[in-house]
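Take a look at the structure below.
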Amino acid sequence: GVARPDSQDSSDESGVVDAATEVSAAELTSMLSAPVKDLLLKSIALNSTAFEGEVDGEQTFIGSKTETALLLLARAHLGMGPVSLERDNATTLQIIPFDSGRKCMGIVVQLPTGGARLYVKGASEILLAKCTRTLSDPSTDDSVTTLSAQDGKTITELIETYASRSLR
């Protein structure tokens, strides 16, 4: 797949948008604190096999539709520069390739503080089942709290809603 910055997602044929529950990427990212934006940017840029290239004379991202869409989001709304620069500036400790049995992929990187962080992406319902913590208030900082049963249920319902609209 090739991603173009001006392409529109037409997966919702009806064109109906529920303004009460949906926000644009610009609105969402504007609500995030700087540490959460950085966390999201690094997760997108580092945990991806897509790359920058030229197609039909245009610079774009080349790879899966999901990965190229995420990289476009990071560039447009999270301030990402060249993805190669993001990757060059990270110390990769381990790469966990996508596995159809696990339904996820990941990358472990060295943190400036000396610790390590695993960035993982994959089947949302499987990853959610493994989660025990969530961001406390993404608009404030990147601190975490215990993921409550109710929050897990709410996220599961959201995943199911997106899946029913082919948006996950």
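Just so we're on the same page: first chain in the structure tokens is A, next is B, and so on; residues restart at 1 for each chain, and ligands are numbered from 1 in the order they show up.
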
To test your reading of the structure, identify every residue in segment 89-129 of chain A that backbone DSSP assigns to alpha helix (DSSP H), and report it as an mmCIF file with N, CA and C atoms, in the first residue's frame.
```
data_model
loop_
_atom_site.group_PDB
_atom_site.id
_atom_site.type_symbol
_atom_site.label_atom_id
_atom_site.label_comp_id
_atom_site.auth_asym_id
_atom_site.auth_seq_id
_atom_site.Cartn_x
_atom_site.Cartn_y
_atom_site.Cartn_z
ATOM 1 N N SER A 124 -6.632 -5.492 18.709
ATOM 2 C CA SER A 124 -7.020 -4.694 19.872
ATOM 3 C C SER A 124 -7.640 -5.521 20.991
ATOM 4 N N GLU A 125 -8.512 -6.462 20.660
ATOM 5 C CA GLU A 125 -9.166 -7.247 21.713
ATOM 6 C C GLU A 125 -8.163 -8.146 22.444
ATOM 7 N N ILE A 126 -7.153 -8.628 21.747
ATOM 8 C CA ILE A 126 -6.127 -9.470 22.377
ATOM 9 C C ILE A 126 -5.216 -8.619 23.257
ATOM 10 N N LEU A 127 -4.799 -7.462 22.756
ATOM 11 C CA LEU A 127 -3.932 -6.585 23.556
ATOM 12 C C LEU A 127 -4.670 -6.051 24.773
ATOM 13 N N LEU A 128 -5.938 -5.678 24.607
ATOM 14 C CA LEU A 128 -6.711 -5.176 25.740
ATOM 15 C C LEU A 128 -6.816 -6.237 26.835
ATOM 16 N N ALA A 129 -6.977 -7.494 26.451
ATOM 17 C CA ALA A 129 -7.086 -8.577 27.436
ATOM 18 C C ALA A 129 -5.810 -8.714 28.269
#
```

- If we count only C-alpha atoms, what is near segment 138-150 of chain A at a cut-off of 8 Å, once residues fewer than 4 positions away on the same chain are taken out, given as a list in words?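 Neighbouring residues, sequence-local ones excluded: Met31, Leu32, Ser33, Ala34, Pro35, Val36, Cys131, Thr132, Arg133, Thr134 and Thr154 of chain A.
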
Next, write the just-selected residues to a file, as a JSON list (two decimals), in the first residue's frame, keeping C-alpha atoms as the atom set.
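Below you can see selection12.json, which holds the result:
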```
[["chain", "number", "residue", "atom", "x", "y", "z"],
["A", 31, "MET", "CA", -6.03, 17.37, 23.66],
["A", 32, "LEU", "CA", -2.94, 15.25, 24.45],
["A", 33, "SER", "CA", -0.12, 16.36, 26.73],
["A", 34, "ALA", "CA", 3.39, 16.64, 25.28],
["A", 35, "PRO", "CA", 4.60, 13.41, 26.98],
["A", 36, "VAL", "CA", 1.63, 11.43, 25.59],
["A", 131, "CYS", "CA", -3.66, -4.74, 29.77],
["A", 132, "THR", "CA", -3.65, -3.97, 33.47],
["A", 133, "ARG", "CA", -2.94, -0.22, 33.35],
["A", 134, "THR", "CA", -4.07, 2.81, 31.38],
["A", 154, "THR", "CA", -16.06, 0.54, 27.75]]
```

Segment 49-51 of chain A: which residues within 10 Å, counting only C-alpha atoms, same-chain residues fewer than 5 positions away excluded, as an mmCIF file with C-alpha atoms, in the first residue's frame?
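Generated output (selection.cif):
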```cif
data_model
loop_
_atom_site.group_PDB
_atom_site.id
_atom_site.type_symbol
_atom_site.label_atom_id
_atom_site.label_comp_id
_atom_site.auth_asym_id
_atom_site.auth_seq_id
_atom_site.Cartn_x
_atom_site.Cartn_y
_atom_site.Cartn_z
ATOM 1 C CA GLY A 1 0.000 0.000 0.000
ATOM 2 C CA VAL A 2 0.978 3.558 -0.629
ATOM 3 C CA THR A 60 5.089 9.114 0.646
ATOM 4 C CA PHE A 61 5.026 6.139 2.995
ATOM 5 C CA ILE A 62 5.173 2.625 1.613
ATOM 6 C CA GLY A 63 3.824 -0.345 3.567
ATOM 7 C CA SER A 64 0.581 -1.673 4.983
ATOM 8 C CA LYS A 65 -2.450 0.630 4.910
ATOM 9 C CA THR A 66 -2.582 0.715 8.701
ATOM 10 C CA GLU A 67 1.102 1.550 9.172
ATOM 11 C CA THR A 68 1.165 4.209 6.454
ATOM 12 C CA ALA A 69 -1.989 5.812 7.882
ATOM 13 C CA LEU A 70 -0.411 5.913 11.344
ATOM 14 C CA LEU A 71 2.791 7.461 9.957
ATOM 15 C CA PRO A 82 11.623 11.964 8.731
ATOM 16 C CA VAL A 83 10.744 8.508 10.075
ATOM 17 C CA SER A 84 14.333 7.420 9.420
ATOM 18 C CA PRO A 97 8.096 -9.419 14.413
ATOM 19 C CA PHE A 98 4.396 -9.824 13.728
#
```

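We find atom CA of Leu39 of chain A and atom CA of Leu158 of chain A to be spaced 21.8 Å apart.
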
- Task: Quote the spacing between atom CA of Glu58 of chain A and atom CA of Arg75 of chain A in Å to one decimal place.
- Result: 15.5 Å

- Message: I'd like to know which residues of segment 41-143 of chain A are strand (DSSP E) (by DSSP, run on the backbone); could you write them as a ChimeraX atom specification?
- Response: /A:51-55,58-62,92-99,104-110,116-122,133-135
